[in-house]
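Printed here is work_8.txt (compact mmCIF, C-alpha atoms):
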# COMPACT_ATOMS: atom_id res chain seq x y z
CA MET A 1 12.92 -14.26 11.92
CA SER A 2 10.65 -15.89 14.47
CA THR A 3 11.08 -19.48 15.48
CA THR A 4 7.46 -20.09 16.42
CA PRO A 5 5.15 -21.10 13.59
CA LEU A 6 3.40 -18.06 12.22
CA ALA A 7 -0.01 -19.35 13.02
CA ASP A 8 0.55 -19.63 16.73
CA ALA A 9 -0.49 -16.03 16.63
CA MET A 10 -3.78 -16.83 14.97
CA PRO A 11 -6.05 -19.12 17.01
CA ALA A 12 -9.00 -17.09 18.19
CA SER A 13 -10.14 -16.44 21.71
CA HIS A 14 -7.24 -16.77 24.03
CA GLY A 15 -5.78 -13.91 25.96
CA PRO A 16 -7.83 -10.92 27.06
CA ARG A 17 -11.44 -10.46 25.98
CA VAL A 18 -11.79 -7.27 23.98
CA SER A 19 -15.05 -5.73 22.82
CA ALA A 20 -15.79 -4.64 19.25
CA LEU A 21 -16.15 -1.07 20.47
CA ALA A 22 -12.72 -1.12 22.08
CA LEU A 23 -11.27 -2.49 18.84
CA PHE A 24 -12.95 0.27 16.84
CA LEU A 25 -11.66 2.99 19.16
CA THR A 26 -8.12 1.67 19.34
CA PHE A 27 -7.78 1.26 15.57
CA SER A 28 -9.30 4.73 15.07
CA GLN A 29 -6.65 6.15 17.33
CA ILE A 30 -3.88 4.21 15.55
CA THR A 31 -4.89 5.39 12.11
CA LEU A 32 -5.43 9.03 13.10
CA SER A 33 -2.00 9.31 14.64
CA ALA A 34 -0.36 7.57 11.69
CA PHE A 35 1.06 9.94 9.17
CA GLY A 36 3.46 7.74 7.27
CA GLY A 37 4.34 4.65 9.27
CA LEU A 38 1.24 2.93 10.49
CA GLN A 39 3.25 0.01 11.82
CA PHE A 40 4.95 2.14 14.44
CA TRP A 41 1.66 3.35 15.88
CA ALA A 42 0.01 -0.06 15.65
CA ARG A 43 2.80 -1.65 17.65
CA ARG A 44 2.71 1.11 20.23
CA ALA A 45 -1.06 0.82 20.74
CA LEU A 46 -1.46 -2.97 20.57
CA VAL A 47 1.69 -4.09 22.37
CA GLU A 48 2.68 -1.25 24.68
CA ARG A 49 -0.50 0.55 25.62
CA GLN A 50 -3.32 -1.99 25.43
CA ARG A 51 -1.14 -5.10 25.91
CA TRP A 52 -3.49 -7.11 23.72
CA LEU A 53 -0.52 -8.72 21.97
CA THR A 54 2.98 -9.66 23.05
CA GLU A 55 5.95 -8.41 21.05
CA GLN A 56 6.36 -11.86 19.48
CA GLU A 57 2.67 -12.14 18.57
CA PHE A 58 2.79 -8.73 16.91
CA VAL A 59 5.81 -9.68 14.79
CA ASP A 60 4.20 -13.02 13.87
CA LEU A 61 0.95 -11.38 12.78
CA LEU A 62 2.79 -8.76 10.79
CA THR A 63 4.87 -11.44 9.05
CA LEU A 64 1.74 -13.37 8.22
CA GLY A 65 0.21 -10.12 6.96
CA GLN A 66 3.18 -9.66 4.65
CA LEU A 67 2.59 -13.05 3.06
CA LEU A 68 -0.95 -12.10 2.12
CA PRO A 69 -1.73 -9.60 -0.61
CA GLY A 70 -2.74 -6.12 0.47
CA PRO A 71 -1.27 -3.70 2.97
CA ASN A 72 0.09 -5.76 5.85
CA VAL A 73 -1.37 -3.40 8.46
CA LEU A 74 -4.83 -3.97 7.00
CA ASN A 75 -4.27 -7.72 7.18
CA LEU A 76 -3.02 -7.36 10.74
CA THR A 77 -6.13 -5.36 11.62
CA VAL A 78 -8.45 -8.05 10.30
CA MET A 79 -6.53 -10.75 12.16
CA VAL A 80 -6.42 -8.88 15.47
CA GLY A 81 -10.10 -7.92 15.28
CA TYR A 82 -11.12 -11.47 14.41
CA ARG A 83 -8.99 -12.98 17.10
CA PHE A 84 -10.49 -10.93 19.91
CA ALA A 85 -14.12 -10.54 18.86
CA SER A 86 -14.73 -12.71 15.78
CA TRP A 87 -16.30 -11.12 12.68
CA ALA A 88 -17.84 -8.22 14.59
CA GLY A 89 -14.38 -7.46 15.93
CA ALA A 90 -12.79 -7.66 12.49
CA ALA A 91 -15.44 -5.33 11.07
CA ALA A 92 -15.11 -2.88 13.97
CA ALA A 93 -11.31 -2.81 13.75
CA VAL A 94 -11.37 -2.27 9.97
CA ALA A 95 -14.02 0.44 10.29
CA GLY A 96 -11.78 2.20 12.80
CA LEU A 97 -8.71 1.84 10.59
CA LEU A 98 -10.24 2.88 7.26
CA GLY A 99 -13.28 4.99 8.14
CA TRP A 100 -11.57 8.19 9.27
CA PRO A 101 -8.87 8.25 6.58
CA CYS A 102 -11.61 7.71 3.97
CA LEU A 103 -13.45 10.79 5.20
CA VAL A 104 -10.25 12.86 5.26
CA VAL A 105 -9.20 11.78 1.79
CA ILE A 106 -12.65 12.45 0.33
CA ALA A 107 -12.67 15.90 1.96
CA LEU A 108 -9.36 16.50 0.19
CA GLY A 109 -10.98 15.31 -3.03
CA VAL A 110 -13.84 17.80 -2.59
CA LEU A 111 -11.36 20.63 -2.02
CA HIS A 112 -9.40 19.50 -5.06
CA GLN A 113 -12.53 19.55 -7.17
CA HIS A 114 -13.44 23.08 -6.08
CA TYR A 115 -10.07 24.76 -5.93
CA GLY A 116 -7.75 22.43 -7.87
CA ALA A 117 -7.86 24.59 -10.98
CA LEU A 118 -6.75 27.83 -9.27
CA PRO A 119 -3.26 28.71 -10.54
CA LEU A 120 -1.64 28.90 -7.09
CA VAL A 121 -3.20 25.62 -5.96
CA GLN A 122 -2.15 24.05 -9.24
CA GLN A 123 1.44 25.12 -8.61
CA ALA A 124 1.34 23.77 -5.05
CA LEU A 125 -0.05 20.44 -6.32
CA THR A 126 2.71 20.18 -8.91
CA GLY A 127 5.32 20.72 -6.20
CA MET A 128 3.65 18.16 -3.91
CA SER A 129 3.47 15.64 -6.74
CA ALA A 130 7.17 16.07 -7.54
CA VAL A 131 7.97 15.35 -3.88
CA ALA A 132 5.60 12.35 -3.86
CA VAL A 133 7.58 10.88 -6.76
CA GLY A 134 10.76 11.39 -4.73
CA LEU A 135 9.23 9.59 -1.71
CA LEU A 136 8.33 6.62 -3.89
CA LEU A 137 11.77 6.44 -5.51
CA ALA A 138 13.50 6.74 -2.12
CA SER A 139 11.55 3.76 -0.79
CA VAL A 140 12.58 1.78 -3.89
CA ILE A 141 16.22 2.54 -3.13
CA LYS A 142 15.81 1.58 0.54
CA MET A 143 14.07 -1.68 -0.38
CA ALA A 144 16.64 -2.53 -3.03
CA THR A 145 19.39 -2.62 -0.39
CA VAL A 146 17.92 -5.87 0.98
CA LEU A 147 18.26 -7.68 -2.35
CA PRO A 148 21.12 -10.20 -2.35
CA ARG A 149 23.94 -9.50 -4.78
CA GLN A 150 22.99 -12.25 -7.19
CA TRP A 151 21.80 -11.85 -10.72
CA ARG A 152 18.47 -13.60 -10.36
CA PRO A 153 16.60 -11.28 -7.94
CA TRP A 154 17.75 -8.27 -9.95
CA LEU A 155 16.58 -9.94 -13.15
CA PHE A 156 13.13 -10.48 -11.62
CA ALA A 157 13.00 -6.88 -10.39
CA GLY A 158 14.04 -5.66 -13.84
CA LEU A 159 11.46 -7.82 -15.65
CA ALA A 160 8.67 -6.61 -13.35
CA PHE A 161 9.72 -2.99 -13.90
CA VAL A 162 9.94 -3.27 -17.69
CA GLY A 163 6.75 -5.32 -18.07
CA VAL A 164 4.54 -3.11 -15.92
CA GLY A 165 6.27 0.27 -16.05
CA VAL A 166 7.69 0.51 -19.57
CA VAL A 167 5.77 -1.89 -21.81
CA ARG A 168 2.67 -1.35 -19.62
CA TRP A 169 1.27 -4.83 -19.74
CA PRO A 170 -1.55 -5.52 -17.25
CA LEU A 171 -0.21 -6.37 -13.80
CA LEU A 172 -2.19 -9.62 -13.77
CA TRP A 173 -0.25 -10.98 -16.77
CA VAL A 174 3.13 -9.89 -15.48
CA LEU A 175 2.63 -11.28 -11.98
CA GLY A 176 0.94 -14.41 -13.33
CA ALA A 177 4.05 -15.09 -15.39
CA LEU A 178 6.74 -13.98 -12.95
CA ALA A 179 5.45 -14.80 -9.45
CA PRO A 180 5.37 -18.62 -9.71
CA TRP A 181 8.78 -18.58 -11.37
CA ALA A 182 10.26 -16.26 -8.72
CA ILE A 183 8.81 -18.25 -5.82
CA ALA A 184 10.02 -21.54 -7.31
CA ALA A 185 13.52 -20.09 -7.74
CA ALA A 186 13.56 -18.86 -4.13
CA TRP A 187 12.22 -22.23 -2.92
CA LYS A 188 15.04 -24.13 -4.64
CA GLY A 189 17.53 -21.72 -3.22
CA THR A 190 16.37 -22.17 0.39
CA ASP A 191 17.58 -25.57 1.52
CA MET B 192 -20.78 6.42 -14.64
CA ASP B 193 -23.20 3.65 -15.62
CA ARG B 194 -23.72 0.51 -13.60
CA SER B 195 -21.79 -1.80 -15.87
CA ALA B 196 -18.70 0.43 -15.68
CA LEU B 197 -19.04 0.53 -11.89
CA GLY B 198 -19.40 -3.26 -11.79
CA ALA B 199 -16.26 -3.57 -13.91
CA LEU B 200 -14.45 -1.25 -11.51
CA VAL B 201 -15.45 -3.42 -8.54
CA LEU B 202 -14.18 -6.55 -10.30
CA GLN B 203 -10.95 -4.81 -11.29
CA SER B 204 -10.47 -3.63 -7.69
CA LEU B 205 -10.95 -7.16 -6.46
CA VAL B 206 -8.20 -8.29 -8.84
CA TRP B 207 -5.98 -5.46 -7.59
CA ALA B 208 -6.57 -6.43 -3.98
CA PHE B 209 -5.28 -9.94 -4.70
CA LEU B 210 -2.37 -8.65 -6.78
CA ALA B 211 -1.14 -6.19 -4.18
CA ILE B 212 1.70 -8.44 -3.08
CA GLY B 213 3.90 -5.59 -1.96
CA GLY B 214 1.16 -3.32 -0.64
CA ALA B 215 -0.90 -0.70 -2.41
CA PRO B 216 1.88 1.42 -3.98
CA THR B 217 2.89 -1.44 -6.29
CA LEU B 218 -0.51 -1.16 -7.97
CA LEU B 219 0.00 2.42 -9.13
CA PRO B 220 1.08 1.62 -12.71
CA ASP B 221 -1.83 -0.74 -13.26
CA ILE B 222 -4.38 1.66 -11.77
CA HIS B 223 -2.95 4.44 -13.94
CA ARG B 224 -3.19 2.17 -16.98
CA TYR B 225 -6.84 1.37 -16.20
CA VAL B 226 -8.26 4.78 -15.24
CA VAL B 227 -6.10 7.06 -17.42
CA GLU B 228 -4.96 5.07 -20.44
CA VAL B 229 -7.84 2.63 -20.97
CA HIS B 230 -10.89 4.55 -19.70
CA HIS B 231 -9.74 8.20 -19.86
CA TRP B 232 -11.58 8.97 -16.61
CA MET B 233 -8.92 11.53 -15.68
CA THR B 234 -5.75 13.02 -17.08
CA SER B 235 -2.31 11.83 -16.10
CA PRO B 236 -1.44 15.01 -14.13
CA GLN B 237 -4.79 14.76 -12.28
CA PHE B 238 -3.89 11.20 -11.32
CA ALA B 239 -0.55 12.36 -9.96
CA GLU B 240 -2.17 15.21 -8.01
CA LEU B 241 -4.66 12.86 -6.35
CA TYR B 242 -1.86 10.47 -5.44
CA ALA B 243 0.11 13.34 -3.89
CA LEU B 244 -2.95 14.61 -1.99
CA ALA B 245 -3.60 11.18 -0.53
CA GLN B 246 -0.08 11.17 0.94
CA VAL B 247 -1.23 13.99 3.21
CA ALA B 248 -4.10 11.95 4.67
CA PRO B 249 -3.57 9.77 7.75
CA GLY B 250 -4.02 6.00 7.68
CA PRO B 251 -2.83 3.14 5.50
CA ASN B 252 -1.33 3.80 2.08
CA ILE B 253 -4.32 2.41 0.18
CA MET B 254 -6.09 5.75 0.64
CA TYR B 255 -4.97 6.97 -2.77
CA VAL B 256 -7.00 4.15 -4.30
CA THR B 257 -10.07 5.42 -2.43
CA LEU B 258 -9.47 8.96 -3.69
CA ILE B 259 -9.05 7.80 -7.30
CA GLY B 260 -12.30 5.86 -6.98
CA TRP B 261 -14.04 8.90 -5.55
CA GLN B 262 -12.82 11.06 -8.43
CA VAL B 263 -14.12 8.51 -10.94
CA ALA B 264 -17.61 7.98 -9.51
CA GLY B 265 -18.16 9.78 -6.21
CA TRP B 266 -19.05 7.78 -3.09
CA ALA B 267 -19.99 4.72 -5.13
CA GLY B 268 -16.57 4.83 -6.78
CA ALA B 269 -14.80 5.22 -3.44
CA ALA B 270 -16.67 2.19 -2.10
CA ALA B 271 -16.04 0.27 -5.33
CA THR B 272 -12.28 0.66 -5.07
CA THR B 273 -11.93 0.39 -1.27
CA LEU B 274 -14.23 -2.39 -0.04
CA PRO B 275 -12.79 -5.14 -2.28
CA TRP B 276 -9.51 -4.80 -0.33
CA LEU B 277 -11.18 -6.44 2.61
CA VAL B 278 -12.06 -9.62 0.74
CA PRO B 279 -8.59 -11.13 0.33
CA ALA B 280 -7.53 -9.90 3.73
CA SER B 281 -10.39 -11.55 5.55
CA THR B 282 -10.73 -14.78 3.57
CA LEU B 283 -7.02 -15.43 3.32
CA THR B 284 -6.51 -14.44 6.92
CA LEU B 285 -8.79 -17.23 8.03
CA LEU B 286 -7.64 -19.77 5.46
CA VAL B 287 -3.95 -19.18 5.92
CA GLY B 288 -4.34 -18.79 9.65
CA HIS B 289 -6.09 -22.13 10.05
CA LEU B 290 -3.89 -23.99 7.57
CA HIS B 291 -0.79 -22.63 9.22
CA ALA B 292 -2.09 -23.71 12.59
CA ARG B 293 -2.10 -27.32 11.40
CA HIS B 294 0.83 -27.35 8.96
CA PRO B 295 3.25 -24.60 9.71
CA HIS B 296 5.35 -24.53 6.53
CA ALA B 297 7.70 -21.81 7.60
CA ALA B 298 10.05 -22.66 4.71
CA LEU B 299 7.34 -22.21 2.09
CA GLY B 300 6.35 -18.89 3.63
CA ARG B 301 9.96 -17.78 3.49
CA ALA B 302 10.29 -18.83 -0.16
CA ILE B 303 7.14 -16.90 -1.05
CA ARG B 304 8.40 -13.78 0.64
CA ARG B 305 11.92 -14.05 -0.77
CA GLY B 306 10.60 -14.76 -4.23
CA LEU B 307 8.17 -11.85 -4.22
CA THR B 308 10.53 -9.23 -2.80
CA PRO B 309 12.35 -8.56 -6.11
CA LEU B 310 9.02 -8.29 -7.91
CA THR B 311 7.80 -5.80 -5.32
CA ILE B 312 10.90 -3.69 -5.85
CA GLY B 313 10.51 -3.79 -9.63
CA LEU B 314 6.86 -2.78 -9.32
CA MET B 315 7.65 0.05 -6.92
CA LEU B 316 10.19 1.35 -9.42
CA ALA B 317 7.50 1.13 -12.10
CA SER B 318 5.22 3.17 -9.80
CA GLY B 319 7.84 5.88 -9.39
CA TRP B 320 8.45 5.86 -13.13
CA THR B 321 4.74 6.12 -13.98
CA LEU B 322 4.21 8.95 -11.54
CA MET B 323 7.34 10.78 -12.69
CA ARG B 324 6.15 10.74 -16.27
CA ALA B 325 2.80 12.12 -15.10
CA VAL B 326 4.35 15.01 -13.16
CA ASP B 327 7.85 16.17 -13.93
CA HIS B 328 7.73 17.96 -17.23
CA ALA B 329 10.14 20.74 -16.33
CA TRP B 330 13.70 20.54 -15.02
CA GLY B 331 12.57 22.19 -11.75
CA GLY B 332 10.26 19.23 -11.13
CA TYR B 333 13.04 16.69 -11.69
CA LEU B 334 15.31 18.65 -9.41
CA LEU B 335 12.67 18.74 -6.65
CA THR B 336 12.12 14.99 -7.03
CA LEU B 337 15.85 14.35 -6.78
CA LEU B 338 16.11 16.60 -3.74
CA ALA B 339 13.25 14.73 -2.05
CA VAL B 340 15.00 11.39 -2.67
CA VAL B 341 18.23 12.67 -1.12
CA VAL B 342 16.49 14.20 1.91
CA VAL B 343 14.48 11.03 2.60
CA LEU B 344 17.58 8.85 2.40
CA ARG B 345 19.82 11.16 4.43
CA THR B 346 17.57 12.59 7.16
CA PRO B 347 14.97 11.21 9.59
CA TRP B 348 12.52 13.99 8.69
CA ASN B 349 8.83 13.21 8.46
CA PRO B 350 7.79 12.94 4.77
CA LEU B 351 4.76 15.09 5.57
CA TRP B 352 7.04 18.12 5.97
CA LEU B 353 8.67 17.37 2.63
CA ILE B 354 5.29 17.37 0.91
CA ALA B 355 4.45 20.70 2.60
CA ALA B 356 7.81 22.07 1.46
CA GLY B 357 7.04 20.82 -2.06
CA ALA B 358 3.77 22.76 -2.00
CA LEU B 359 5.63 25.95 -0.99
CA VAL B 360 8.30 25.47 -3.65
CA GLY B 361 5.52 24.96 -6.17
CA MET B 362 3.65 28.08 -5.05
CA ALA B 363 6.87 30.06 -5.37
CA GLY B 364 6.75 29.09 -9.04
CA LEU B 365 9.96 27.07 -9.00
CA VAL B 366 8.68 23.83 -10.58

Kindly present the structure from the file in structure tokens form.
Amino acid sequence: MSTTPLADAMPASHGPRVSALALFLTFSQITLSAFGGLQFWARRALVERQRWLTEQEFVDLLTLGQLLPGPNVLNLTVMVGYRFASWAGAAAAVAGLLGWPCLVVIALGVLHQHYGALPLVQQALTGMSAVAVGLLLASVIKMATVLPRQWRPWLFAGLAFVGVGVVRWPLLWVLGALAPWAIAAAWKGTD
Amino acid sequence: MDRSALGALVLQSLVWAFLAIGGAPTLLPDIHRYVVEVHHWMTSPQFAELYALAQVAPGPNIMYVTLIGWQVAGWAGAAATTLPWLVPASTLTLLVGHLHARHPHAALGRAIRRGLTPLTIGLMLASGWTLMRAVDHAWGGYLLTLLAVVVVLRTPWNPLWLIAAGALVGMAGLV
């Protein structure tokens, strides 16, 4: 946990001046090398290679990104782009991060549309899907190891699972009901 | 897809972007509910296949949302499900960034994160559950899923290889 306030990482325009084009190229490179584990490549590019951020700044921005909804690397990208080159920088960084993967994934979609019904492809897709389920479940198990051994966090996890996964209520209702309650409980527990 | 359905998809994606407290994978059950159960835009196995395909693409893990959008309504659908993600990121980034700069409530931030972590875990489990029900209809599928869980937890292997291995096992007719 960092001791500096999160937002020390935020104020715009200090440190090196970086152009929107450089932001686009760097985030393109990050995303294209990132197969599973974007954070690793982002840290390597931003902290080690370009030296745009210090280690501490990177951790602070990532932590702030985790507080916001959405993938924390996307949030980090917006913040880094904005910090170095304002809105043009944020747009360039995001275009670099999302543009190429979008094209790849849509190419996969086109292939799926044309060949997805072939028996052999269908079998391969079923095998891939079964593994994808395993990847998801494995990350649940890894994440669950950080939960404290108290009844309340497990109750919240269980309620979220049952509400969204089993009863299949809309996520908005479930989070609207549980999130304030869960945050309040954690707030009381933190003194 | 008509314009009102596309407009509804944009609004729904905007809601998703704000609800994605634990990242994009926690949204899977709700996206499945919306595109498969409510609107019947695709079948449940198709949904699972697109999710699995997106795991092969580089980049952040929201790419499956883009692919689902593309399947529903082509490029317009891909844009409709992807671009709304940028709204909370950019507005909140500035708001939270500036507020934090003046009043750094580290304790509140910690409470938010600690409070939301169990919900994220519950939602991830719901995602795995939803996807499992969409895919694994034969014992071979369950076995492959179980094997993948064990390998991920026990080895440092890149998940990409596991997905490739899953494709081979599938082609061999074992699932």

If we count all atoms listed in the file and set the cut-off at 12 Å, which residues sit around Gln113 (chain A), ignoring sequence neighbours fewer than 2 positions away in its own chain? Please answer as number ranges by chain.
A: 106-111, 115-118, 121-122; B: 237, 240-241, 244, 258, 261-263, 265

To one decimal in Å, tell me the separation between CA of Trp187 (chain A) and CA of Thr284 (chain B).
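For CA of Trp187 (chain A) relative to CA of Thr284 (chain B), the distance reads 22.5 Å.
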
Restrict the distance test to all atoms listed in the file, flag each residue of chain A within 6 Å of chain B, and return the flagged residues as a count of residues only.
40

I'd like the contact shell of Tyr82 (chain A) - 9 Å cut-off, all atoms listed in the file, skipping same-chain residues fewer than 3 positions apart - returned as a compact mmCIF listing (two decimals) with C-alpha atoms, in the coordinates of the input.
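Okay, around-v6.txt is ready:
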# COMPACT_ATOMS: atom_id res chain seq x y z
CA ALA A 12 -9.00 -17.09 18.19
CA SER A 13 -10.14 -16.44 21.71
CA THR A 77 -6.13 -5.36 11.62
CA VAL A 78 -8.45 -8.05 10.30
CA MET A 79 -6.53 -10.75 12.16
CA ALA A 85 -14.12 -10.54 18.86
CA SER A 86 -14.73 -12.71 15.78
CA TRP A 87 -16.30 -11.12 12.68
CA ALA A 88 -17.84 -8.22 14.59
CA GLY A 89 -14.38 -7.46 15.93
CA ALA A 90 -12.79 -7.66 12.49
CA ALA A 91 -15.44 -5.33 11.07
CA ALA A 93 -11.31 -2.81 13.75
CA SER B 281 -10.39 -11.55 5.55
CA LEU B 285 -8.79 -17.23 8.03

To one decimal place in Å, what is the distance between CA of Leu103 (chain A) and CA of Val256 (chain B)?
13.3 Å

Could you check how far CA of Cys102 (chain A) sits from CA of Pro275 (chain B), in Å to one decimal?
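Going from CA of Cys102 (chain A) over to CA of Pro275 (chain B), I get 14.3 Å.
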
I'd like the box whose edges run along x, y and z of the file and which contains every listed atom of region 38-47 of chain A, padded by 5 Å per side; could you state its centre and edge lengths in Å, one decimal, as AutoDock Vina command-line options?
--center_x 1.7 --center_y -0.4 --center_z 16.4 --size_x 16.4 --size_y 17.4 --size_z 21.9

Polymer residues at most 12 Å from Ala45 (chain A), all atoms listed in the file, same-chain spacing of 3 or more positions, as JSON, numbers by chain
{"A": [22, 23, 25, 26, 27, 28, 29, 30, 31, 33, 34, 38, 39, 40, 41, 42, 48, 49, 50, 51, 52, 53, 54, 55, 58]}

I need the chosen residues saved as a CSV table (one decimal), keeping the file's coordinate frame, with C-alpha atoms.
chain,number,residue,atom,x,y,z
A,22,ALA,CA,-12.7,-1.1,22.1
A,23,LEU,CA,-11.3,-2.5,18.8
A,25,LEU,CA,-11.7,3.0,19.2
A,26,THR,CA,-8.1,1.7,19.3
A,27,PHE,CA,-7.8,1.3,15.6
A,28,SER,CA,-9.3,4.7,15.1
A,29,GLN,CA,-6.6,6.2,17.3
A,30,ILE,CA,-3.9,4.2,15.6
A,31,THR,CA,-4.9,5.4,12.1
A,33,SER,CA,-2.0,9.3,14.6
A,34,ALA,CA,-0.4,7.6,11.7
A,38,LEU,CA,1.2,2.9,10.5
A,39,GLN,CA,3.2,0.0,11.8
A,40,PHE,CA,5.0,2.1,14.4
A,41,TRP,CA,1.7,3.4,15.9
A,42,ALA,CA,0.0,-0.1,15.6
A,48,GLU,CA,2.7,-1.2,24.7
A,49,ARG,CA,-0.5,0.6,25.6
A,50,GLN,CA,-3.3,-2.0,25.4
A,51,ARG,CA,-1.1,-5.1,25.9
A,52,TRP,CA,-3.5,-7.1,23.7
A,53,LEU,CA,-0.5,-8.7,22.0
A,54,THR,CA,3.0,-9.7,23.0
A,55,GLU,CA,6.0,-8.4,21.0
A,58,PHE,CA,2.8,-8.7,16.9

Could region 140-158 of chain A be completed with N, CA and C atoms and returned as a tab-separated table (two decimals), in the frame of the given file?
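File written: out07.tsv
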chain	number	residue	atom	x	y	z
A	140	VAL	N	12.03	2.82	-3.01
A	140	VAL	CA	12.58	1.78	-3.89
A	140	VAL	C	14.05	1.56	-3.56
A	141	ILE	N	14.79	2.66	-3.40
A	141	ILE	CA	16.22	2.54	-3.13
A	141	ILE	C	16.45	1.83	-1.79
A	142	LYS	N	15.67	2.23	-0.77
A	142	LYS	CA	15.81	1.58	0.54
A	142	LYS	C	15.53	0.08	0.44
A	143	MET	N	14.44	-0.27	-0.28
A	143	MET	CA	14.07	-1.68	-0.38
A	143	MET	C	15.12	-2.46	-1.16
A	144	ALA	N	15.70	-1.82	-2.17
A	144	ALA	CA	16.64	-2.53	-3.03
A	144	ALA	C	17.91	-2.92	-2.27
A	145	THR	N	18.19	-2.26	-1.14
A	145	THR	CA	19.39	-2.62	-0.39
A	145	THR	C	19.27	-4.01	0.25
A	146	VAL	N	18.05	-4.53	0.38
A	146	VAL	CA	17.92	-5.87	0.98
A	146	VAL	C	18.11	-6.98	-0.05
A	147	LEU	N	18.11	-6.64	-1.33
A	147	LEU	CA	18.26	-7.68	-2.35
A	147	LEU	C	19.67	-8.26	-2.30
A	148	PRO	N	19.78	-9.60	-2.33
A	148	PRO	CA	21.12	-10.20	-2.35
A	148	PRO	C	21.85	-9.85	-3.65
A	149	ARG	N	23.16	-9.84	-3.58
A	149	ARG	CA	23.94	-9.50	-4.78
A	149	ARG	C	24.10	-10.73	-5.68
A	150	GLN	N	22.97	-11.15	-6.21
A	150	GLN	CA	22.99	-12.25	-7.19
A	150	GLN	C	22.21	-11.76	-8.38
A	151	TRP	N	22.43	-12.40	-9.52
A	151	TRP	CA	21.80	-11.85	-10.72
A	151	TRP	C	20.30	-12.11	-10.75
A	152	ARG	N	19.86	-13.24	-10.15
A	152	ARG	CA	18.47	-13.60	-10.36
A	152	ARG	C	17.44	-12.65	-9.75
A	153	PRO	N	17.59	-12.24	-8.48
A	153	PRO	CA	16.60	-11.28	-7.94
A	153	PRO	C	16.56	-9.98	-8.74
A	154	TRP	N	17.72	-9.52	-9.18
A	154	TRP	CA	17.75	-8.27	-9.95
A	154	TRP	C	17.10	-8.45	-11.31
A	155	LEU	N	17.26	-9.66	-11.88
A	155	LEU	CA	16.58	-9.94	-13.15
A	155	LEU	C	15.06	-9.87	-12.96
A	156	PHE	N	14.57	-10.50	-11.88
A	156	PHE	CA	13.13	-10.48	-11.62
A	156	PHE	C	12.63	-9.05	-11.40
A	157	ALA	N	13.39	-8.28	-10.63
A	157	ALA	CA	13.00	-6.88	-10.39
A	157	ALA	C	12.95	-6.12	-11.72
A	158	GLY	N	13.97	-6.36	-12.55
A	158	GLY	CA	14.04	-5.66	-13.84
A	158	GLY	C	12.89	-6.06	-14.75
